[in-house]
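What follows is a set of notes on a single structure, which appears directly below.
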Amino acid sequence: MSDKTHPVDEIIPTPKLFTLGLQHVLVMYAGAIAVPLIVGRALKLDPADVAFLISADLFVCGLVSLIQSFGATQWFGIKLPVMMGVTFASVGPMLAIAGANPGPDGARMIFGAIMGAGVIGMLIAPLVSRMLRFFPPVVTGTIILVIGVTLMRIGINWIFGNPVGPTAPQVVDPAHADWLKAVADLAAAGGSAIPELPKGLALAPKLANPAYAPLSGIAISAIVLVAIVAISRVAKGFVANIAVLLGIVFGCVLAALMGMMHFGKVADAGWFGLITPFHFGMPVFDPILIATMVLVMIVVMIESTGMFLALGDMTGRKVTQPMLSAGLRTDGLGTLIGGIFNTFPYTSFSQNVGLVGVTGIKSRFVCVAGGLILIVMGLVPKVGALAEAIPTAVLGGAGLVMFGMVAATGIRILSRVDFTSNRNNLFIVAIALGFGMIPLIAPNFKQWMPHSIHPLIDSGILLTTISAVVLNMVFNGANADEDDLRAAASQADH
């Protein structure tokens, strides 16, 4: 028996280790900061709080990556080259919570749901492998497709502006507002013949809002998109892998030259700041919200299982049942840590799994180094402030690519599904996709339903998951296996 160190356990010289770890960080950075930006702005938090969310996310990304790749006892860490980041699957439910409860109160509800889901995730980790048969490629591909399509709305709103609030397409004409105020004042005056205005009377917005879809913002988004496409087309290897990040950097330079990006808050931010737990106060534990996040966790763990199996094939290390349980348990632990430190649910980042295949570097200590780099970045508030300062128009061009890639990954997984001899698979995809579109197309469909279940049914991702799993059981039974999951994960390289 050879005493040679397995490539996964190989310790690389420090300079090379740092460089390779930084490469992993750069590949995941754009995706890592996207979720705190999305949720922080949806919660209408102050820029300083959004910057804190970004710093907290980078810090916990690093901490959980360290646990997953280095290992912490036999219970936590799969001990493979894995980088952990916030899953996009959790964005839909969190946006639903943020929309109904903006500000710190909504943040406390989100973090309470995340903590509860993290604890349950750790408990059910050993059981998830028994659920694999309910998630064949026709189910996982459909779910990932809907995640991407759902997120595309965010990227499009980054380009043009949110359809509500200060950037709504139309606003109330000031002249109309002045007239209504004058009439209201007359009605309130004693002895007036004008009847009192009905409670809640408001003018309809009819004046085009100059803050919506400005041509300068559209131009920057288009330039960022063109830059990403050009880099992806011309560059090779590592540079091609960070095309989205380079496109964002190029867009930031352009926005700064046009006076659209300001660095005052970056200059004011410190060089060191601790990530304090419960920054927004004690979390709120709502059973319905926790149940919603648990469903997200199950989907995330199934996806992680596929990633781990594919990574085991890439590195030549067989993933055993105890290893798989330890890896999935770390997803739950990372999510619990995320809730405590004001951030979100965590999973293995597929683009970093793809990078292992591209570079051929199988050492898990590269991801240990990447985790340490992320921890340091999270402790430097200037990094979070700089990310928060990025104009949404710049992020919009990149968002089309990032979120579109998620949808395209779902399509790639569906491409290996048998639609010819098993036409029932068409029904599964068609109906589950339709359910996923309901909150996007008819966001008020739930107005007569109990308010307590709104966060659960307001996520197209969860509606798709439930409907796809049920329909697959009806038409196909429970017949997925590890090979199906491994093959699906091997195609999810973005």
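Going through the structure tokens in order, the chains are called A, B, and so on, while each chain numbers its residues from 1 and the ligands are numbered from 1 in the order shown.
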**OP:** Check the DSSP output for the backbone and give back, as number ranges by chain, the residues of region 129-352 of chain A in helix (DSSP H, G or I).
**Re:** A: 129-134, 137-160, 165-167, 174-188, 215-234, 237-241, 243-257, 264-268, 287-315, 321-340, 350-352
Find the nearest atom pair between each residue of region 341-427 of chain A and region 236-254 of chain A for residues within 7 Å, count only C-alpha atoms, give distances in Å to one decimal, sort rows by chain and ascending number, and present the table as JSON lines.
```
{"residue": "A:Ile390", "atom": "CA", "partner": "A:Cys252", "partner_atom": "CA", "distance": 6.5}
{"residue": "A:Val394", "atom": "CA", "partner": "A:Gly251", "partner_atom": "CA", "distance": 5.5}
{"residue": "A:Leu395", "atom": "CA", "partner": "A:Ile248", "partner_atom": "CA", "distance": 6.8}
{"residue": "A:Ala398", "atom": "CA", "partner": "A:Val244", "partner_atom": "CA", "distance": 6.1}
```
Original post:
Excluding same-chain residues fewer than 5 positions from Arg108 (chain A), what lies within 10 Å of it counting only C-alpha atoms, as JSON, numbers by chain?
Top reply: {"A": [101, 103, 113, 114, 278, 279, 280, 281, 282, 283, 284, 285, 339, 342]}
Would you list the contacts of His454 (chain A) as a PDB file with all heavy atoms, in the first residue's frame, taking every protein, DNA or RNA residue within 12 Å and counting only C-alpha atoms, but skipping same-chain residues closer than 3 positions in sequence?
```pdb
ATOM      1  N   PRO A  93     -37.877  33.491  -0.866  1.00  0.00           N
ATOM      2  CA  PRO A  93     -38.561  33.622   0.421  1.00  0.00           C
ATOM      3  C   PRO A  93     -38.106  34.850   1.215  1.00  0.00           C
ATOM      4  O   PRO A  93     -38.928  35.497   1.887  1.00  0.00           O
ATOM      5  CB  PRO A  93     -38.187  32.324   1.154  1.00  0.00           C
ATOM      6  CG  PRO A  93     -37.859  31.350   0.078  1.00  0.00           C
ATOM      7  CD  PRO A  93     -37.259  32.159  -1.017  1.00  0.00           C
ATOM      8  N   MET A  94     -36.810  35.167   1.162  1.00  0.00           N
ATOM      9  CA  MET A  94     -36.322  36.327   1.925  1.00  0.00           C
ATOM     10  C   MET A  94     -36.883  37.630   1.359  1.00  0.00           C
ATOM     11  O   MET A  94     -37.197  38.563   2.117  1.00  0.00           O
ATOM     12  CB  MET A  94     -34.793  36.343   1.941  1.00  0.00           C
ATOM     13  CG  MET A  94     -34.193  35.220   2.767  1.00  0.00           C
ATOM     14  SD  MET A  94     -32.424  35.383   3.097  1.00  0.00           S
ATOM     15  CE  MET A  94     -31.721  35.232   1.470  1.00  0.00           C
ATOM     16  N   LEU A  95     -37.028  37.719   0.040  1.00  0.00           N
ATOM     17  CA  LEU A  95     -37.616  38.920  -0.549  1.00  0.00           C
ATOM     18  C   LEU A  95     -39.089  39.056  -0.158  1.00  0.00           C
ATOM     19  O   LEU A  95     -39.580  40.166   0.044  1.00  0.00           O
ATOM     20  CB  LEU A  95     -37.479  38.885  -2.068  1.00  0.00           C
ATOM     21  CG  LEU A  95     -36.069  39.070  -2.636  1.00  0.00           C
ATOM     22  CD1 LEU A  95     -36.108  39.094  -4.159  1.00  0.00           C
ATOM     23  CD2 LEU A  95     -35.422  40.351  -2.120  1.00  0.00           C
ATOM     24  N   ALA A  96     -39.772  37.909  -0.050  1.00  0.00           N
ATOM     25  CA  ALA A  96     -41.175  37.953   0.385  1.00  0.00           C
ATOM     26  C   ALA A  96     -41.273  38.497   1.803  1.00  0.00           C
ATOM     27  O   ALA A  96     -42.149  39.330   2.108  1.00  0.00           O
ATOM     28  CB  ALA A  96     -41.791  36.557   0.302  1.00  0.00           C
ATOM     29  N   ILE A  97     -40.385  38.056   2.685  1.00  0.00           N
ATOM     30  CA  ILE A  97     -40.370  38.558   4.064  1.00  0.00           C
ATOM     31  C   ILE A  97     -40.015  40.033   4.090  1.00  0.00           C
ATOM     32  O   ILE A  97     -40.640  40.836   4.791  1.00  0.00           O
ATOM     33  CB  ILE A  97     -39.375  37.750   4.925  1.00  0.00           C
ATOM     34  CG1 ILE A  97     -39.788  36.271   4.987  1.00  0.00           C
ATOM     35  CG2 ILE A  97     -39.281  38.327   6.336  1.00  0.00           C
ATOM     36  CD1 ILE A  97     -38.731  35.365   5.612  1.00  0.00           C
ATOM     37  N   GLY A  99     -40.383  42.257   1.720  1.00  0.00           N
ATOM     38  CA  GLY A  99     -41.441  43.090   1.153  1.00  0.00           C
ATOM     39  C   GLY A  99     -42.552  43.376   2.150  1.00  0.00           C
ATOM     40  O   GLY A  99     -43.099  44.481   2.182  1.00  0.00           O
ATOM     41  N   ALA A 100     -42.866  42.368   2.979  1.00  0.00           N
ATOM     42  CA  ALA A 100     -43.937  42.547   3.962  1.00  0.00           C
ATOM     43  C   ALA A 100     -43.460  43.233   5.235  1.00  0.00           C
ATOM     44  O   ALA A 100     -44.257  43.852   5.947  1.00  0.00           O
ATOM     45  CB  ALA A 100     -44.560  41.188   4.305  1.00  0.00           C
ATOM     46  N   ILE A 288     -43.922  29.405  10.531  1.00  0.00           N
ATOM     47  CA  ILE A 288     -44.191  29.333   9.091  1.00  0.00           C
ATOM     48  C   ILE A 288     -42.945  29.711   8.298  1.00  0.00           C
ATOM     49  O   ILE A 288     -42.583  29.063   7.304  1.00  0.00           O
ATOM     50  CB  ILE A 288     -45.367  30.254   8.704  1.00  0.00           C
ATOM     51  CG1 ILE A 288     -46.665  29.770   9.360  1.00  0.00           C
ATOM     52  CG2 ILE A 288     -45.515  30.308   7.186  1.00  0.00           C
ATOM     53  CD1 ILE A 288     -47.162  28.444   8.829  1.00  0.00           C
ATOM     54  N   LEU A 289     -42.268  30.774   8.738  1.00  0.00           N
ATOM     55  CA  LEU A 289     -41.065  31.212   8.040  1.00  0.00           C
ATOM     56  C   LEU A 289     -39.958  30.173   8.163  1.00  0.00           C
ATOM     57  O   LEU A 289     -39.198  29.940   7.209  1.00  0.00           O
ATOM     58  CB  LEU A 289     -40.588  32.566   8.587  1.00  0.00           C
ATOM     59  CG  LEU A 289     -41.584  33.728   8.481  1.00  0.00           C
ATOM     60  CD1 LEU A 289     -40.946  35.027   8.978  1.00  0.00           C
ATOM     61  CD2 LEU A 289     -42.062  33.890   7.047  1.00  0.00           C
ATOM     62  N   THR A 292     -40.671  27.416   5.776  1.00  0.00           N
ATOM     63  CA  THR A 292     -40.326  27.841   4.418  1.00  0.00           C
ATOM     64  C   THR A 292     -38.833  27.657   4.164  1.00  0.00           C
ATOM     65  O   THR A 292     -38.422  27.110   3.132  1.00  0.00           O
ATOM     66  CB  THR A 292     -40.708  29.321   4.210  1.00  0.00           C
ATOM     67  OG1 THR A 292     -42.094  29.491   4.477  1.00  0.00           O
ATOM     68  CG2 THR A 292     -40.406  29.767   2.795  1.00  0.00           C
ATOM     69  N   PRO A 439     -46.105  33.718  -8.716  1.00  0.00           N
ATOM     70  CA  PRO A 439     -45.786  34.937  -7.956  1.00  0.00           C
ATOM     71  C   PRO A 439     -45.153  36.034  -8.812  1.00  0.00           C
ATOM     72  O   PRO A 439     -45.245  37.214  -8.452  1.00  0.00           O
ATOM     73  CB  PRO A 439     -44.789  34.429  -6.894  1.00  0.00           C
ATOM     74  CG  PRO A 439     -45.043  32.958  -6.801  1.00  0.00           C
ATOM     75  CD  PRO A 439     -45.402  32.536  -8.185  1.00  0.00           C
ATOM     76  N   PRO A 443     -48.527  38.720  -8.642  1.00  0.00           N
ATOM     77  CA  PRO A 443     -48.038  38.790  -7.263  1.00  0.00           C
ATOM     78  C   PRO A 443     -49.131  38.950  -6.209  1.00  0.00           C
ATOM     79  O   PRO A 443     -48.901  38.663  -5.039  1.00  0.00           O
ATOM     80  CB  PRO A 443     -47.113  40.012  -7.276  1.00  0.00           C
ATOM     81  CG  PRO A 443     -47.509  40.805  -8.473  1.00  0.00           C
ATOM     82  CD  PRO A 443     -48.014  39.821  -9.475  1.00  0.00           C
ATOM     83  N   ASN A 444     -50.333  39.373  -6.617  1.00  0.00           N
ATOM     84  CA  ASN A 444     -51.422  39.567  -5.648  1.00  0.00           C
ATOM     85  C   ASN A 444     -52.377  38.382  -5.585  1.00  0.00           C
ATOM     86  O   ASN A 444     -53.465  38.491  -5.023  1.00  0.00           O
ATOM     87  CB  ASN A 444     -52.209  40.845  -5.998  1.00  0.00           C
ATOM     88  CG  ASN A 444     -51.359  42.096  -5.861  1.00  0.00           C
ATOM     89  OD1 ASN A 444     -50.543  42.193  -4.953  1.00  0.00           O
ATOM     90  ND2 ASN A 444     -51.539  43.040  -6.770  1.00  0.00           N
ATOM     91  N   PHE A 445     -51.967  37.229  -6.145  1.00  0.00           N
ATOM     92  CA  PHE A 445     -52.864  36.072  -6.187  1.00  0.00           C
ATOM     93  C   PHE A 445     -53.275  35.600  -4.792  1.00  0.00           C
ATOM     94  O   PHE A 445     -54.293  34.943  -4.625  1.00  0.00           O
ATOM     95  CB  PHE A 445     -52.192  34.914  -6.941  1.00  0.00           C
ATOM     96  CG  PHE A 445     -51.149  34.167  -6.151  1.00  0.00           C
ATOM     97  CD1 PHE A 445     -51.454  32.965  -5.534  1.00  0.00           C
ATOM     98  CD2 PHE A 445     -49.860  34.669  -6.011  1.00  0.00           C
ATOM     99  CE1 PHE A 445     -50.495  32.275  -4.799  1.00  0.00           C
ATOM    100  CE2 PHE A 445     -48.903  33.989  -5.285  1.00  0.00           C
ATOM    101  CZ  PHE A 445     -49.218  32.782  -4.669  1.00  0.00           C
ATOM    102  N   LYS A 446     -52.501  35.967  -3.784  1.00  0.00           N
ATOM    103  CA  LYS A 446     -52.707  35.430  -2.430  1.00  0.00           C
ATOM    104  C   LYS A 446     -53.511  36.367  -1.545  1.00  0.00           C
ATOM    105  O   LYS A 446     -53.628  36.130  -0.344  1.00  0.00           O
ATOM    106  CB  LYS A 446     -51.342  35.180  -1.777  1.00  0.00           C
ATOM    107  CG  LYS A 446     -50.504  36.454  -1.689  1.00  0.00           C
ATOM    108  CD  LYS A 446     -49.063  36.173  -1.368  1.00  0.00           C
ATOM    109  CE  LYS A 446     -48.256  37.463  -1.323  1.00  0.00           C
ATOM    110  NZ  LYS A 446     -48.215  38.169  -2.632  1.00  0.00           N
ATOM    111  N   GLN A 447     -54.092  37.426  -2.096  1.00  0.00           N
ATOM    112  CA  GLN A 447     -54.656  38.480  -1.252  1.00  0.00           C
ATOM    113  C   GLN A 447     -55.822  38.009  -0.373  1.00  0.00           C
ATOM    114  O   GLN A 447     -56.084  38.599   0.670  1.00  0.00           O
ATOM    115  CB  GLN A 447     -55.096  39.667  -2.111  1.00  0.00           C
ATOM    116  CG  GLN A 447     -56.240  39.393  -3.061  1.00  0.00           C
ATOM    117  CD  GLN A 447     -56.546  40.612  -3.922  1.00  0.00           C
ATOM    118  OE1 GLN A 447     -55.689  41.467  -4.131  1.00  0.00           O
ATOM    119  NE2 GLN A 447     -57.772  40.704  -4.429  1.00  0.00           N
ATOM    120  N   TRP A 448     -56.529  36.928  -0.771  1.00  0.00           N
ATOM    121  CA  TRP A 448     -57.637  36.444   0.045  1.00  0.00           C
ATOM    122  C   TRP A 448     -57.239  35.225   0.883  1.00  0.00           C
ATOM    123  O   TRP A 448     -58.091  34.627   1.546  1.00  0.00           O
ATOM    124  CB  TRP A 448     -58.839  36.090  -0.833  1.00  0.00           C
ATOM    125  CG  TRP A 448     -59.291  37.225  -1.696  1.00  0.00           C
ATOM    126  CD1 TRP A 448     -59.305  37.278  -3.042  1.00  0.00           C
ATOM    127  CD2 TRP A 448     -59.768  38.501  -1.248  1.00  0.00           C
ATOM    128  NE1 TRP A 448     -59.755  38.499  -3.489  1.00  0.00           N
ATOM    129  CE2 TRP A 448     -60.047  39.266  -2.399  1.00  0.00           C
ATOM    130  CE3 TRP A 448     -59.985  39.082   0.014  1.00  0.00           C
ATOM    131  CZ2 TRP A 448     -60.534  40.563  -2.329  1.00  0.00           C
ATOM    132  CZ3 TRP A 448     -60.465  40.383   0.076  1.00  0.00           C
ATOM    133  CH2 TRP A 448     -60.740  41.108  -1.085  1.00  0.00           C
ATOM    134  N   MET A 449     -55.987  34.856   0.844  1.00  0.00           N
ATOM    135  CA  MET A 449     -55.517  33.697   1.604  1.00  0.00           C
ATOM    136  C   MET A 449     -54.982  34.143   2.963  1.00  0.00           C
ATOM    137  O   MET A 449     -54.640  35.321   3.142  1.00  0.00           O
ATOM    138  CB  MET A 449     -54.423  32.961   0.821  1.00  0.00           C
ATOM    139  CG  MET A 449     -54.892  32.449  -0.529  1.00  0.00           C
ATOM    140  SD  MET A 449     -53.560  31.587  -1.413  1.00  0.00           S
ATOM    141  CE  MET A 449     -54.332  31.357  -3.020  1.00  0.00           C
ATOM    142  N   PRO A 450     -54.896  33.235   3.945  1.00  0.00           N
ATOM    143  CA  PRO A 450     -54.390  33.624   5.279  1.00  0.00           C
ATOM    144  C   PRO A 450     -53.018  34.271   5.186  1.00  0.00           C
ATOM    145  O   PRO A 450     -52.116  33.764   4.502  1.00  0.00           O
ATOM    146  CB  PRO A 450     -54.324  32.283   6.022  1.00  0.00           C
ATOM    147  CG  PRO A 450     -55.314  31.416   5.337  1.00  0.00           C
ATOM    148  CD  PRO A 450     -55.307  31.822   3.896  1.00  0.00           C
ATOM    149  N   HIS A 451     -52.860  35.383   5.866  1.00  0.00           N
ATOM    150  CA  HIS A 451     -51.613  36.132   5.793  1.00  0.00           C
ATOM    151  C   HIS A 451     -50.418  35.312   6.285  1.00  0.00           C
ATOM    152  O   HIS A 451     -49.290  35.493   5.820  1.00  0.00           O
ATOM    153  CB  HIS A 451     -51.732  37.420   6.620  1.00  0.00           C
ATOM    154  CG  HIS A 451     -50.551  38.335   6.485  1.00  0.00           C
ATOM    155  ND1 HIS A 451     -50.349  39.110   5.353  1.00  0.00           N
ATOM    156  CD2 HIS A 451     -49.494  38.573   7.303  1.00  0.00           C
ATOM    157  CE1 HIS A 451     -49.217  39.800   5.499  1.00  0.00           C
ATOM    158  NE2 HIS A 451     -48.690  39.497   6.674  1.00  0.00           N
ATOM    159  N   ILE A 457     -46.103  30.721   0.168  1.00  0.00           N
ATOM    160  CA  ILE A 457     -46.601  30.598  -1.203  1.00  0.00           C
ATOM    161  C   ILE A 457     -46.154  31.747  -2.098  1.00  0.00           C
ATOM    162  O   ILE A 457     -46.428  31.736  -3.301  1.00  0.00           O
ATOM    163  CB  ILE A 457     -48.145  30.512  -1.217  1.00  0.00           C
ATOM    164  CG1 ILE A 457     -48.765  31.787  -0.625  1.00  0.00           C
ATOM    165  CG2 ILE A 457     -48.617  29.286  -0.457  1.00  0.00           C
ATOM    166  CD1 ILE A 457     -50.280  31.814  -0.700  1.00  0.00           C
ATOM    167  N   ASP A 458     -45.454  32.733  -1.546  1.00  0.00           N
ATOM    168  CA  ASP A 458     -45.005  33.866  -2.345  1.00  0.00           C
ATOM    169  C   ASP A 458     -43.696  33.565  -3.064  1.00  0.00           C
ATOM    170  O   ASP A 458     -43.192  34.389  -3.801  1.00  0.00           O
ATOM    171  CB  ASP A 458     -44.830  35.102  -1.457  1.00  0.00           C
ATOM    172  CG  ASP A 458     -44.913  36.395  -2.262  1.00  0.00           C
ATOM    173  OD1 ASP A 458     -45.648  36.410  -3.274  1.00  0.00           O
ATOM    174  OD2 ASP A 458     -44.248  37.375  -1.899  1.00  0.00           O
ATOM    175  N   SER A 459     -43.134  32.393  -2.838  1.00  0.00           N
ATOM    176  CA  SER A 459     -41.884  32.010  -3.493  1.00  0.00           C
ATOM    177  C   SER A 459     -42.184  31.023  -4.617  1.00  0.00           C
ATOM    178  O   SER A 459     -42.625  29.899  -4.376  1.00  0.00           O
ATOM    179  CB  SER A 459     -40.920  31.370  -2.488  1.00  0.00           C
ATOM    180  OG  SER A 459     -39.821  30.779  -3.170  1.00  0.00           O
ATOM    181  N   GLY A 460     -41.921  31.441  -5.844  1.00  0.00           N
ATOM    182  CA  GLY A 460     -42.106  30.550  -6.972  1.00  0.00           C
ATOM    183  C   GLY A 460     -41.204  29.338  -6.897  1.00  0.00           C
ATOM    184  O   GLY A 460     -41.538  28.260  -7.402  1.00  0.00           O
ATOM    185  N   LEU A 462     -40.332  27.656  -4.175  1.00  0.00           N
ATOM    186  CA  LEU A 462     -40.926  26.639  -3.310  1.00  0.00           C
ATOM    187  C   LEU A 462     -42.155  26.006  -3.964  1.00  0.00           C
ATOM    188  O   LEU A 462     -42.366  24.796  -3.853  1.00  0.00           O
ATOM    189  CB  LEU A 462     -41.305  27.252  -1.959  1.00  0.00           C
ATOM    190  CG  LEU A 462     -40.109  27.675  -1.099  1.00  0.00           C
ATOM    191  CD1 LEU A 462     -40.606  28.317   0.181  1.00  0.00           C
ATOM    192  CD2 LEU A 462     -39.222  26.499  -0.777  1.00  0.00           C
ATOM    193  N   LEU A 463     -42.967  26.808  -4.655  1.00  0.00           N
ATOM    194  CA  LEU A 463     -44.109  26.247  -5.367  1.00  0.00           C
ATOM    195  C   LEU A 463     -43.648  25.253  -6.427  1.00  0.00           C
ATOM    196  O   LEU A 463     -44.248  24.188  -6.613  1.00  0.00           O
ATOM    197  CB  LEU A 463     -44.928  27.363  -6.015  1.00  0.00           C
ATOM    198  CG  LEU A 463     -45.651  28.334  -5.070  1.00  0.00           C
ATOM    199  CD1 LEU A 463     -46.399  29.393  -5.871  1.00  0.00           C
ATOM    200  CD2 LEU A 463     -46.626  27.577  -4.165  1.00  0.00           C
TER     201      LEU A 463
END
```
Subject >> Spatial neighbours of Leu180 (chain A), 10 Å, only C-alpha atoms, chain gap at least 5 places, as a list in words >> reply: Pro174, Ala175, Asp185, Leu186, Leu197, Leu201, Ala202 and Leu203 of chain A
Original post:
What does the distance between CA of Ile194 (chain A) and CA of Val172 (chain A) come to in Å, to one decimal place?
Top reply: 23.0 Å
**OP:** Tell me which protein, DNA and RNA residues are within 9 Å of Met437 (chain A), counting only C-alpha atoms, leaving out same-chain ones fewer than 6 positions away, and put them as a VMD selection string.
**Re:** chain A and resid 146 149 to 150 460 to 461 464
Original post:
Near His6 (chain A), counting only C-alpha atoms, which residues have an atom at most 9 Å away, once you skip same-chain residues fewer than 4 positions from it, shown as a list in words?
Top reply: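 Near neighbours after the sequence-gap exclusion: Glu10, Gly316, Arg317 and Ser363 of chain A.
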Give me a file of those residues, with C-alpha atoms, as a PDB file, in the first residue's frame.
```
ATOM      1  CA  GLU A  10      -1.588  17.615  -0.439  1.00  0.00           C
ATOM      2  CA  GLY A 316     -10.520  10.636  -7.014  1.00  0.00           C
ATOM      3  CA  ARG A 317     -11.758  10.391  -3.421  1.00  0.00           C
ATOM      4  CA  SER A 363      -5.905  20.015  -2.665  1.00  0.00           C
TER       5      SER A 363
END
```
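Minimum atom-to-atom distance to Val300 (chain A), evaluated using only C-alpha atoms, belongs to A:Met84 out of A:Ile218, A:Cys367, A:Ile67, A:Met84.
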Subject >> Among the residues A:Asp105, A:Asp57, A:Asp313, A:Asp46, the one that comes closest to Gly31 (chain A) [using only C-alpha atoms] >> reply: A:Asp57
**OP:** Rank A:Pro136, A:Leu324, A:Pro205, A:Trp179 by their smallest atom-to-atom distance to Gly312 (chain A), using only C-alpha atoms, and report the top residue only.
**Re:** A:Leu324
**OP:** Quote the spacing between CA of Pro277 (chain A) and CA of Ile33 (chain A) in Å to one decimal place.
**Re:**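 For CA of Pro277 (chain A) relative to CA of Ile33 (chain A), the distance reads 18.9 Å.
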Subject >> CA of Ala393 (chain A) to CA of Ile54 (chain A), straight-line distance in Å >> reply: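 Separation between CA of Ile54 (chain A) and CA of Ala393 (chain A): 18.5 Å.
Closest approach to Pro36 (chain A) among A:Ile453, A:Ala387, A:Leu127, A:Leu400: A:Ala387, based on only C-alpha atoms.
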